[in-house]
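For reference, input.pdb is printed below; it contains PDB, C-alpha atoms and all ligand atoms.
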ATOM      1  CA  MET A   1      28.594 -12.942  48.389
ATOM      2  CA  GLY A   2      30.748 -14.502  51.098
ATOM      3  CA  GLN A   3      31.938 -17.554  49.205
ATOM      4  CA  THR A   4      35.107 -18.755  47.550
ATOM      5  CA  LEU A   5      33.712 -19.323  44.063
ATOM      6  CA  PRO A   6      31.700 -16.286  43.027
ATOM      7  CA  PRO A   7      29.607 -16.466  39.851
ATOM      8  CA  PRO A   8      30.544 -14.293  36.830
ATOM      9  CA  GLY A   9      30.005 -10.618  37.727
ATOM     10  CA  GLU A  10      28.526  -9.928  34.281
ATOM     11  CA  ALA A  11      25.807 -12.476  34.916
ATOM     12  CA  LEU A  12      24.952 -10.981  38.299
ATOM     13  CA  THR A  13      24.652  -7.504  36.799
ATOM     14  CA  ARG A  14      22.201  -8.787  34.204
ATOM     15  CA  LEU A  15      20.225 -10.862  36.707
ATOM     16  CA  THR A  16      19.974  -7.926  39.127
ATOM     17  CA  GLU A  17      18.023  -5.978  36.492
ATOM     18  CA  ARG A  18      15.452  -8.723  36.445
ATOM     19  CA  PHE A  19      15.414 -10.193  39.945
ATOM     20  CA  GLY A  20      16.294  -7.124  42.030
ATOM     21  CA  GLU A  21      18.853  -6.695  44.775
ATOM     22  CA  PRO A  22      20.354  -7.995  46.889
ATOM     23  CA  LEU A  23      21.091 -11.223  45.026
ATOM     24  CA  THR A  24      22.468 -14.113  47.023
ATOM     25  CA  ALA A  25      24.446 -16.913  45.385
ATOM     26  CA  SER A  26      25.062 -20.419  46.643
ATOM     27  CA  LEU A  27      27.240 -22.894  44.815
ATOM     28  CA  LEU A  28      25.367 -26.111  44.008
ATOM     29  CA  SER A  29      27.926 -28.035  42.002
ATOM     30  CA  ASP A  30      31.462 -27.718  40.666
ATOM     31  CA  ARG A  31      32.276 -30.637  38.443
ATOM     32  CA  ARG A  32      33.581 -31.580  35.029
ATOM     33  CA  GLY A  33      34.567 -28.018  34.222
ATOM     34  CA  SER A  34      31.245 -26.336  34.935
ATOM     35  CA  ARG A  35      29.673 -24.783  37.989
ATOM     36  CA  THR A  36      26.111 -24.132  38.985
ATOM     37  CA  TRP A  37      24.800 -21.630  41.532
ATOM     38  CA  LYS A  38      21.375 -20.879  42.901
ATOM     39  CA  ILE A  39      20.859 -17.134  42.572
ATOM     40  CA  GLN A  40      18.066 -15.723  44.678
ATOM     41  CA  GLY A  41      16.732 -12.191  44.465
ATOM     42  CA  PRO A  42      13.645 -10.429  45.788
ATOM     43  CA  ASN A  43      11.799 -11.196  42.542
ATOM     44  CA  GLY A  44      12.679 -14.835  42.020
ATOM     45  CA  ALA A  45      15.429 -17.422  41.707
ATOM     46  CA  VAL A  46      17.453 -18.976  38.890
ATOM     47  CA  ALA A  47      20.029 -21.698  38.380
ATOM     48  CA  LEU A  48      23.140 -20.074  36.885
ATOM     49  CA  LYS A  49      25.655 -22.255  35.039
ATOM     50  CA  ALA A  50      29.114 -21.119  33.935
ATOM     51  CA  ASN A  51      32.213 -22.891  32.715
ATOM     52  CA  ASN A  52      35.186 -22.943  35.055
ATOM     53  CA  PRO A  53      37.552 -20.476  33.295
ATOM     54  CA  LYS A  54      40.624 -22.161  34.796
ATOM     55  CA  GLY A  55      39.607 -25.735  34.079
ATOM     56  CA  ASP A  56      41.560 -27.896  31.613
ATOM     57  CA  THR A  57      38.489 -28.136  29.428
ATOM     58  CA  ALA A  58      37.470 -24.461  29.641
ATOM     59  CA  ARG A  59      37.046 -24.038  25.875
ATOM     60  CA  ASP A  60      35.039 -27.248  25.449
ATOM     61  CA  LYS A  61      32.851 -26.395  28.408
ATOM     62  CA  ALA A  62      32.219 -22.876  27.136
ATOM     63  CA  ALA A  63      31.248 -24.407  23.769
ATOM     64  CA  GLU A  64      28.935 -26.844  25.556
ATOM     65  CA  MET A  65      27.321 -24.007  27.483
ATOM     66  CA  ALA A  66      26.756 -22.048  24.258
ATOM     67  CA  GLN A  67      25.356 -25.220  22.737
ATOM     68  CA  GLU A  68      22.925 -25.676  25.649
ATOM     69  CA  ASP A  69      21.682 -22.131  25.138
ATOM     70  CA  GLY A  70      21.173 -22.829  21.426
ATOM     71  CA  HIS A  71      19.249 -25.970  22.321
ATOM     72  CA  LEU A  72      17.030 -24.107  24.774
ATOM     73  CA  LEU A  73      16.227 -21.456  22.175
ATOM     74  CA  ARG A  74      15.335 -24.073  19.563
ATOM     75  CA  LEU A  75      13.363 -26.261  21.999
ATOM     76  CA  THR A  76      11.416 -23.227  23.161
ATOM     77  CA  ALA A  77      10.658 -22.180  19.580
ATOM     78  CA  ALA A  78       9.460 -25.733  18.865
ATOM     79  CA  GLY A  79       7.129 -25.622  21.911
ATOM     80  CA  ALA A  80       8.981 -28.600  23.446
ATOM     81  CA  ILE A  81       9.904 -26.798  26.668
ATOM     82  CA  SER A  82       8.160 -24.063  28.587
ATOM     83  CA  PRO A  83       8.961 -20.536  27.333
ATOM     84  CA  ASP A  84       9.744 -19.445  30.899
ATOM     85  CA  TYR A  85      12.567 -21.980  31.379
ATOM     86  CA  ARG A  86      15.425 -20.144  29.641
ATOM     87  CA  ILE A  87      16.106 -16.873  31.433
ATOM     88  CA  ASP A  88      19.284 -15.409  29.911
ATOM     89  CA  ALA A  89      22.734 -16.315  28.588
ATOM     90  CA  SER A  90      25.858 -14.555  27.391
ATOM     91  CA  PRO A  91      29.585 -14.812  26.784
ATOM     92  CA  TRP A  92      31.738 -13.374  29.632
ATOM     93  CA  ASP A  93      35.455 -12.864  30.227
ATOM     94  CA  GLY A  94      35.964 -16.472  31.250
ATOM     95  CA  GLY A  95      33.698 -18.171  28.712
ATOM     96  CA  ARG A  96      29.911 -18.538  28.793
ATOM     97  CA  TRP A  97      27.093 -18.433  31.335
ATOM     98  CA  LEU A  98      23.477 -19.518  31.178
ATOM     99  CA  ALA A  99      20.592 -18.864  33.575
ATOM    100  CA  VAL A 100      17.457 -21.012  33.729
ATOM    101  CA  ARG A 101      14.341 -20.980  35.893
ATOM    102  CA  TRP A 102      14.893 -22.387  39.364
ATOM    103  CA  VAL A 103      13.169 -25.746  39.792
ATOM    104  CA  ASP A 104      12.191 -26.366  43.379
ATOM    105  CA  GLY A 105      12.693 -30.083  43.680
ATOM    106  CA  VAL A 106      14.993 -32.858  44.839
ATOM    107  CA  PRO A 107      17.079 -35.186  42.666
ATOM    108  CA  LEU A 108      15.464 -38.538  41.859
ATOM    109  CA  TRP A 109      17.739 -40.584  44.131
ATOM    110  CA  ARG A 110      16.740 -38.574  47.176
ATOM    111  CA  ALA A 111      13.083 -38.432  46.163
ATOM    112  CA  LEU A 112      12.895 -42.240  45.995
ATOM    113  CA  ALA A 113      14.592 -42.863  49.369
ATOM    114  CA  VAL A 114      11.400 -44.093  51.047
ATOM    115  CA  ALA A 115      10.266 -46.115  48.016
ATOM    116  CA  ARG A 116      13.647 -47.869  48.029
ATOM    117  CA  GLY A 117      13.083 -49.344  51.477
ATOM    118  CA  PRO A 118      10.558 -51.892  52.757
ATOM    119  CA  GLU A 119       8.431 -49.065  54.193
ATOM    120  CA  GLY A 120       7.790 -47.950  50.601
ATOM    121  CA  ASP A 121       5.415 -50.876  50.179
ATOM    122  CA  ARG A 122       2.237 -49.011  51.034
ATOM    123  CA  PRO A 123      -0.746 -47.811  49.029
ATOM    124  CA  SER A 124       0.204 -44.118  48.869
ATOM    125  CA  VAL A 125       3.652 -44.773  47.367
ATOM    126  CA  ARG A 126       2.511 -46.675  44.254
ATOM    127  CA  PRO A 127       0.495 -43.858  42.620
ATOM    128  CA  TRP A 128       3.195 -41.391  43.630
ATOM    129  CA  LEU A 129       5.882 -43.432  41.846
ATOM    130  CA  GLN A 130       3.696 -43.699  38.794
ATOM    131  CA  HIS A 131       3.038 -39.976  38.840
ATOM    132  CA  ILE A 132       6.785 -39.317  38.786
ATOM    133  CA  ALA A 133       7.237 -41.688  35.873
ATOM    134  CA  ARG A 134       4.254 -40.324  33.946
ATOM    135  CA  THR A 135       5.173 -36.649  34.299
ATOM    136  CA  TRP A 136       8.737 -37.510  33.309
ATOM    137  CA  ALA A 137       7.479 -39.326  30.203
ATOM    138  CA  GLU A 138       5.328 -36.273  29.381
ATOM    139  CA  HIS A 139       8.433 -34.084  29.254
ATOM    140  CA  LEU A 140      10.163 -36.548  26.965
ATOM    141  CA  ALA A 141       7.114 -36.991  24.755
ATOM    142  CA  GLY A 142       7.070 -33.217  24.139
ATOM    143  CA  MET A 143      10.718 -33.198  23.097
ATOM    144  CA  HIS A 144      10.381 -36.345  21.012
ATOM    145  CA  ALA A 145       7.348 -35.004  19.154
ATOM    146  CA  ALA A 146       9.522 -32.063  18.087
ATOM    147  CA  GLY A 147      12.224 -34.450  16.844
ATOM    148  CA  TRP A 148      14.607 -34.062  19.791
ATOM    149  CA  ALA A 149      16.279 -36.498  22.176
ATOM    150  CA  HIS A 150      17.429 -35.145  25.558
ATOM    151  CA  ALA A 151      20.411 -37.531  25.455
ATOM    152  CA  ASP A 152      21.383 -37.084  29.139
ATOM    153  CA  ILE A 153      18.436 -38.565  31.007
ATOM    154  CA  GLN A 154      19.780 -39.639  34.393
ATOM    155  CA  PRO A 155      18.958 -39.253  38.092
ATOM    156  CA  THR A 156      20.726 -35.920  38.704
ATOM    157  CA  ASN A 157      19.086 -34.299  35.677
ATOM    158  CA  THR A 158      15.606 -35.040  36.982
ATOM    159  CA  LEU A 159      14.238 -33.039  39.879
ATOM    160  CA  ILE A 160      11.094 -34.132  41.683
ATOM    161  CA  ALA A 161       8.932 -31.187  42.678
ATOM    162  CA  GLU A 162       6.053 -30.950  45.133
ATOM    163  CA  GLY A 163       3.490 -33.703  44.664
ATOM    164  CA  GLY A 164       5.841 -35.950  42.668
ATOM    165  CA  ARG A 165       6.023 -33.942  39.443
ATOM    166  CA  ALA A 166       9.224 -34.702  37.506
ATOM    167  CA  GLU A 167      11.113 -31.819  35.898
ATOM    168  CA  VAL A 168      13.893 -32.355  33.392
ATOM    169  CA  ILE A 169      16.960 -30.078  33.391
ATOM    170  CA  ASP A 170      20.354 -29.942  31.625
ATOM    171  CA  TYR A 171      19.829 -29.775  27.868
ATOM    172  CA  ALA A 172      23.527 -29.403  27.007
ATOM    173  CA  LEU A 173      23.851 -32.685  25.131
ATOM    174  CA  ALA A 174      20.426 -32.803  23.454
ATOM    175  CA  CYS A 175      20.251 -33.986  19.844
ATOM    176  CA  GLY A 176      17.904 -32.027  17.571
ATOM    177  CA  PRO A 177      16.128 -32.842  14.342
ATOM    178  CA  ASP A 178      18.320 -30.847  11.963
ATOM    179  CA  GLY A 179      21.874 -32.058  12.538
ATOM    180  CA  ASP A 180      24.125 -29.258  13.790
ATOM    181  CA  HIS A 181      27.542 -29.852  12.252
ATOM    182  CA  ARG A 182      29.317 -27.430  14.562
ATOM    183  CA  ARG A 183      28.130 -29.121  17.722
ATOM    184  CA  VAL A 184      30.318 -30.774  20.350
ATOM    185  CA  PRO A 185      30.267 -34.455  19.262
ATOM    186  CA  TYR A 186      27.929 -36.541  21.411
ATOM    187  CA  ARG A 187      29.644 -39.638  22.815
ATOM    188  CA  GLY A 188      27.054 -40.767  25.358
ATOM    189  CA  ALA A 189      26.492 -39.182  28.760
ATOM    190  CA  LEU A 190      26.566 -40.890  32.175
ATOM    191  CA  THR A 191      27.712 -44.477  31.585
ATOM    192  CA  HIS A 192      25.156 -46.194  33.843
ATOM    193  CA  THR A 193      22.191 -44.749  31.981
ATOM    194  CA  THR A 194      23.582 -45.111  28.446
ATOM    195  CA  ALA A 195      21.313 -47.086  26.094
ATOM    196  CA  PRO A 196      22.839 -50.170  24.437
ATOM    197  CA  GLU A 197      22.624 -48.740  20.892
ATOM    198  CA  ILE A 198      24.506 -45.607  22.007
ATOM    199  CA  ALA A 199      27.111 -47.764  23.773
ATOM    200  CA  ALA A 200      27.559 -49.832  20.600
ATOM    201  CA  ALA A 201      27.862 -46.730  18.404
ATOM    202  CA  VAL A 202      30.428 -45.124  20.721
ATOM    203  CA  LEU A 203      32.495 -48.320  20.675
ATOM    204  CA  ALA A 204      32.303 -48.567  16.886
ATOM    205  CA  THR A 205      33.339 -44.990  16.010
ATOM    206  CA  PRO A 206      36.382 -42.726  16.531
ATOM    207  CA  ALA A 207      36.332 -40.408  19.563
ATOM    208  CA  ASP A 208      35.589 -37.260  17.521
ATOM    209  CA  THR A 209      32.546 -38.709  15.731
ATOM    210  CA  HIS A 210      29.115 -37.405  16.696
ATOM    211  CA  VAL A 211      26.677 -40.163  17.662
ATOM    212  CA  HIS A 212      23.168 -38.856  17.146
ATOM    213  CA  ALA A 213      20.906 -39.992  19.996
ATOM    214  CA  GLN A 214      17.350 -40.916  19.067
ATOM    215  CA  PRO A 215      14.248 -40.641  21.302
ATOM    216  CA  ALA A 216      14.270 -44.392  22.072
ATOM    217  CA  ALA A 217      17.614 -43.939  23.858
ATOM    218  CA  ASP A 218      15.912 -41.508  26.293
ATOM    219  CA  VAL A 219      13.297 -44.175  27.031
ATOM    220  CA  TRP A 220      16.029 -46.667  27.950
ATOM    221  CA  SER A 221      17.711 -44.034  30.153
ATOM    222  CA  LEU A 222      14.397 -43.258  31.860
ATOM    223  CA  GLY A 223      13.901 -46.959  32.638
ATOM    224  CA  ALA A 224      17.514 -47.260  33.812
ATOM    225  CA  SER A 225      17.183 -44.233  36.122
ATOM    226  CA  LEU A 226      13.984 -45.561  37.712
ATOM    227  CA  PHE A 227      15.505 -49.045  38.034
ATOM    228  CA  TRP A 228      18.588 -47.593  39.724
ATOM    229  CA  CYS A 229      16.891 -45.181  42.115
ATOM    230  CA  TRP A 230      14.054 -47.530  43.102
ATOM    231  CA  THR A 231      16.167 -50.664  43.643
ATOM    232  CA  GLY A 232      19.500 -49.114  44.633
ATOM    233  CA  HIS A 233      21.144 -51.192  41.872
ATOM    234  CA  ARG A 234      22.235 -50.038  38.454
ATOM    235  CA  PRO A 235      20.510 -52.015  35.714
ATOM    236  CA  VAL A 236      23.617 -53.413  34.029
ATOM    237  CA  PRO A 237      25.778 -55.570  36.289
ATOM    238  CA  TYR A 238      29.437 -54.699  35.729
ATOM    239  CA  ASP A 239      32.337 -54.281  38.053
ATOM    240  CA  ASP A 240      32.698 -50.634  39.052
ATOM    241  CA  ASN A 241      36.469 -50.788  38.626
ATOM    242  CA  ILE A 242      36.536 -51.597  34.910
ATOM    243  CA  ASP A 243      37.041 -48.675  32.544
ATOM    244  CA  ARG A 244      34.276 -46.861  30.707
ATOM    245  CA  MET A 245      34.786 -48.603  27.365
ATOM    246  CA  ASP A 246      34.558 -52.004  29.053
ATOM    247  CA  LYS A 247      31.342 -50.963  30.793
ATOM    248  CA  LEU A 248      29.932 -49.789  27.471
ATOM    249  CA  ALA A 249      30.786 -53.191  25.977
ATOM    250  CA  VAL A 250      28.694 -54.909  28.678
ATOM    251  CA  ILE A 251      25.842 -52.408  28.152
ATOM    252  CA  ALA A 252      25.969 -53.010  24.383
ATOM    253  CA  THR A 253      25.067 -56.684  24.907
ATOM    254  CA  GLY A 254      21.628 -55.465  26.047
ATOM    255  CA  ARG A 255      21.638 -57.650  29.166
ATOM    256  CA  THR A 256      20.209 -56.132  32.354
ATOM    257  CA  THR A 257      19.653 -57.521  35.847
ATOM    258  CA  PRO A 258      16.126 -58.940  36.197
ATOM    259  CA  LEU A 259      14.149 -56.367  38.161
ATOM    260  CA  ALA A 260      12.502 -59.102  40.261
ATOM    261  CA  ASP A 261      15.967 -60.002  41.663
ATOM    262  CA  VAL A 262      16.611 -56.569  43.158
ATOM    263  CA  ARG A 263      13.253 -54.752  43.624
ATOM    264  CA  PRO A 264      12.555 -53.633  47.195
ATOM    265  CA  TRP A 265       8.949 -54.870  46.991
ATOM    266  CA  PRO A 266       6.605 -56.023  44.211
ATOM    267  CA  CYS A 267       4.885 -53.390  42.074
ATOM    268  CA  PRO A 268       3.838 -55.271  38.910
ATOM    269  CA  THR A 269       2.703 -52.467  36.569
ATOM    270  CA  PHE A 270       5.655 -50.269  37.455
ATOM    271  CA  GLU A 271       8.082 -53.173  37.025
ATOM    272  CA  ASP A 272       6.637 -54.220  33.670
ATOM    273  CA  THR A 273       6.959 -50.709  32.317
ATOM    274  CA  ILE A 274      10.542 -50.253  33.539
ATOM    275  CA  THR A 275      11.456 -53.615  32.012
ATOM    276  CA  ALA A 276       9.829 -52.608  28.701
ATOM    277  CA  CYS A 277      11.919 -49.396  28.658
ATOM    278  CA  LEU A 278      15.057 -51.535  28.971
ATOM    279  CA  THR A 279      14.264 -53.658  25.899
ATOM    280  CA  PRO A 280      17.586 -54.004  24.034
ATOM    281  CA  ASP A 281      16.196 -53.287  20.548
ATOM    282  CA  PRO A 282      15.166 -49.619  20.421
ATOM    283  CA  ALA A 283      12.421 -50.432  17.904
ATOM    284  CA  ASP A 284      10.719 -52.689  20.467
ATOM    285  CA  ARG A 285      10.671 -50.170  23.323
ATOM    286  CA  PRO A 286       7.534 -48.244  24.188
ATOM    287  CA  THR A 287       7.566 -44.614  23.066
ATOM    288  CA  ALA A 288       7.417 -41.836  25.650
ATOM    289  CA  LYS A 289       3.853 -41.173  24.487
ATOM    290  CA  GLU A 290       2.898 -44.799  25.132
ATOM    291  CA  LEU A 291       4.496 -44.618  28.575
ATOM    292  CA  ILE A 292       2.188 -41.769  29.585
ATOM    293  CA  THR A 293      -0.814 -44.083  29.288
ATOM    294  CA  ALA A 294       1.010 -47.175  30.632
ATOM    295  CA  TRP A 295       1.722 -45.270  33.850
TER     296      TRP A 295
HETATM  297  N1  LIG B   1      16.910 -25.250  36.910
HETATM  298  C1  LIG B   1      17.433 -25.801  38.002
HETATM  299  N2  LIG B   1      16.774 -25.786  39.177
HETATM  300  C2  LIG B   1      17.319 -26.331  40.287
HETATM  301  N3  LIG B   1      18.529 -26.910  40.327
HETATM  302  C3  LIG B   1      19.231 -26.952  39.196
HETATM  303  C4  LIG B   1      18.730 -26.412  37.967
HETATM  304  N4  LIG B   1      19.660 -26.572  37.000
HETATM  305  C5  LIG B   1      20.680 -27.218  37.591
HETATM  306  N5  LIG B   1      20.453 -27.449  38.903
HETATM  307  C6  LIG B   1      21.332 -28.138  39.863
HETATM  308  O1  LIG B   1      22.676 -27.994  39.455
HETATM  309  C7  LIG B   1      23.235 -29.265  39.070
HETATM  310  C8  LIG B   1      24.098 -29.098  37.817
HETATM  311  O2  LIG B   1      23.333 -28.576  36.743
HETATM  312  P1  LIG B   1      23.261 -29.275  35.323
HETATM  313  O3  LIG B   1      22.442 -28.412  34.426
HETATM  314  O4  LIG B   1      22.804 -30.681  35.484
HETATM  315  O5  LIG B   1      24.784 -29.190  34.849
HETATM  316  P2  LIG B   1      25.976 -30.251  34.705
HETATM  317  O6  LIG B   1      25.404 -31.642  34.921
HETATM  318  O7  LIG B   1      26.437 -30.033  33.314
HETATM  319  O8  LIG B   1      26.945 -29.869  35.751
HETATM  320  C9  LIG B   1      22.019 -30.171  38.858
HETATM  321  O9  LIG B   1      22.322 -31.532  39.066
HETATM  322  C10 LIG B   1      21.044 -29.622  39.871
HETATM  323  O10 LIG B   1      21.328 -30.135  41.177
HETATM  324 MG    MG B   2      23.554 -32.484  34.807
END
What does the file become when written as structure tokens?
Amino acid sequence: MGQTLPPPGEALTRLTERFGEPLTASLLSDRRGSRTWKIQGPNGAVALKANNPKGDTARDKAAEMAQEDGHLLRLTAAGAISPDYRIDASPWDGGRWLAVRWVDGVPLWRALAVARGPEGDRPSVRPWLQHIARTWAEHLAGMHAAGWAHADIQPTNTLIAEGGRAEVIDYALACGPDGDHRRVPYRGALTHTTAPEIAAAVLATPADTHVHAQPAADVWSLGASLFWCWTGHRPVPYDDNIDRMDKLAVIATGRTTPLADVRPWPCPTFEDTITACLTPDPADRPTAKELITAW
């Protein structure tokens, strides 16, 4: 494979049966105790995730990987995600691995590079932005209808495919309708896209308490991700150097930077909808289903 961090051999053996040989692997990310590779074979490609067996959090990460597989199986059974998304998963010597369908797309930040600049202010960009937002809301609406929250909606977990279609990945932290008491406790995901009610709940509870994310939190995170990647500014103004709990305390106040202060150019409908997503009270936010028609 010609690289320093090869994927689990057991996974490659299984994927060879399905995708043929030779398989090539390229490492996409190696962070927070888990690694992801693109595995390409003659008959298709997958994203393969595995915990880092030598990481300090190897056991937690393996549990999270097993949890993501459980989520994918339940979401598929509920019709909330496409049945072709989950490919395969298994324990291995070093923990757990999981393979999902390869999504050919770019992360939201990169996809919005042009829209972020003054040259984004042109007729073709507006419908394209709205198409991204609408297709993203469609994914969420499907999960929410089945009683799930994704709970980790953020720019790197959203890939923009050809034509501006948003695809959601990374279901490790999702919160399902029937509480799973053995799950890894949810304590919020990326700080910058954490909804105020999640921030408040994390601050108010001990570190081992599960905070159950509701669909409205995904809507806030969707608005926050669009705000961030379109304007280049995160929606809640705090000093980057303060610690996470202090950031969560600022988020919990519900205050966000007015979009009109930082937008690259005016786009009234898009702005109004992003601002509505960032409404502090979850009960007053639009639902994902309502967003589909708003966009
Ligand atoms: N199905 C996929 N298709 C394409 N790229 C993917 C896919 N799944 C993950 N990736 C890439 O790998 C990165 C890490 O995967 P992710 O599931 O988000 O794991 P984690 O955030 O827990 O490390 C993603 O940000 C993305 O760049
Ligand atoms: Mg991720």
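Comparing A:Trp102, A:Tyr85, A:Trp265, A:Tyr171 by their smallest distance to ligand MG 2 (chain B), the closest is A:Tyr171 (using only C-alpha atoms and all ligand atoms).
With only C-alpha atoms and all ligand atoms as the atoms that count, the minimum distance from ligand LIG 1 (chain B) to the choices A:Pro258, A:Pro155, A:Pro266, A:Pro235 is reached by A:Pro155.
The shortest atom-to-atom distance to Ile292 (chain A), with only C-alpha atoms taken into account, belongs to A:His131 out of A:His181, A:His131, A:Arg244, A:His150.
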Residues returned when the PyMOL selection byres (((not hetatm)) within 6 of (chain B and resi 2)) runs on this file, as JSON, numbers by chain: {"A": [156, 157, 170]}
Report the centre and edge lengths, in Å to one decimal, of an axis-aligned box enclosing every atom of ligand LIG 1 (chain B) listed in the file, padded by 8 Å on each side, as JSON.
{"center_x": 21.9, "center_y": -28.4, "center_z": 37.2, "size_x": 26.2, "size_y": 22.4, "size_z": 23.9}
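Excluding Ala195 (chain A) and any residue on its chain fewer than 3 positions from it, the residues at most 9 Å away by all atoms listed in the file are A:Gly188, A:Thr191, A:His192, A:Ile198, A:Ala199, A:Ala200, A:Ala216, A:Ala217, A:Asp218, A:Val219, A:Trp220, A:Ser221, A:Ala224, A:Ile251, A:Ala252, A:Gly254, A:Leu278, A:Pro280, A:Pro282.
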Counting only C-alpha atoms, the residue of A:Ile169, A:Leu27, A:Leu73, A:Leu98 that sits nearest Lys61 (chain A): A:Leu98
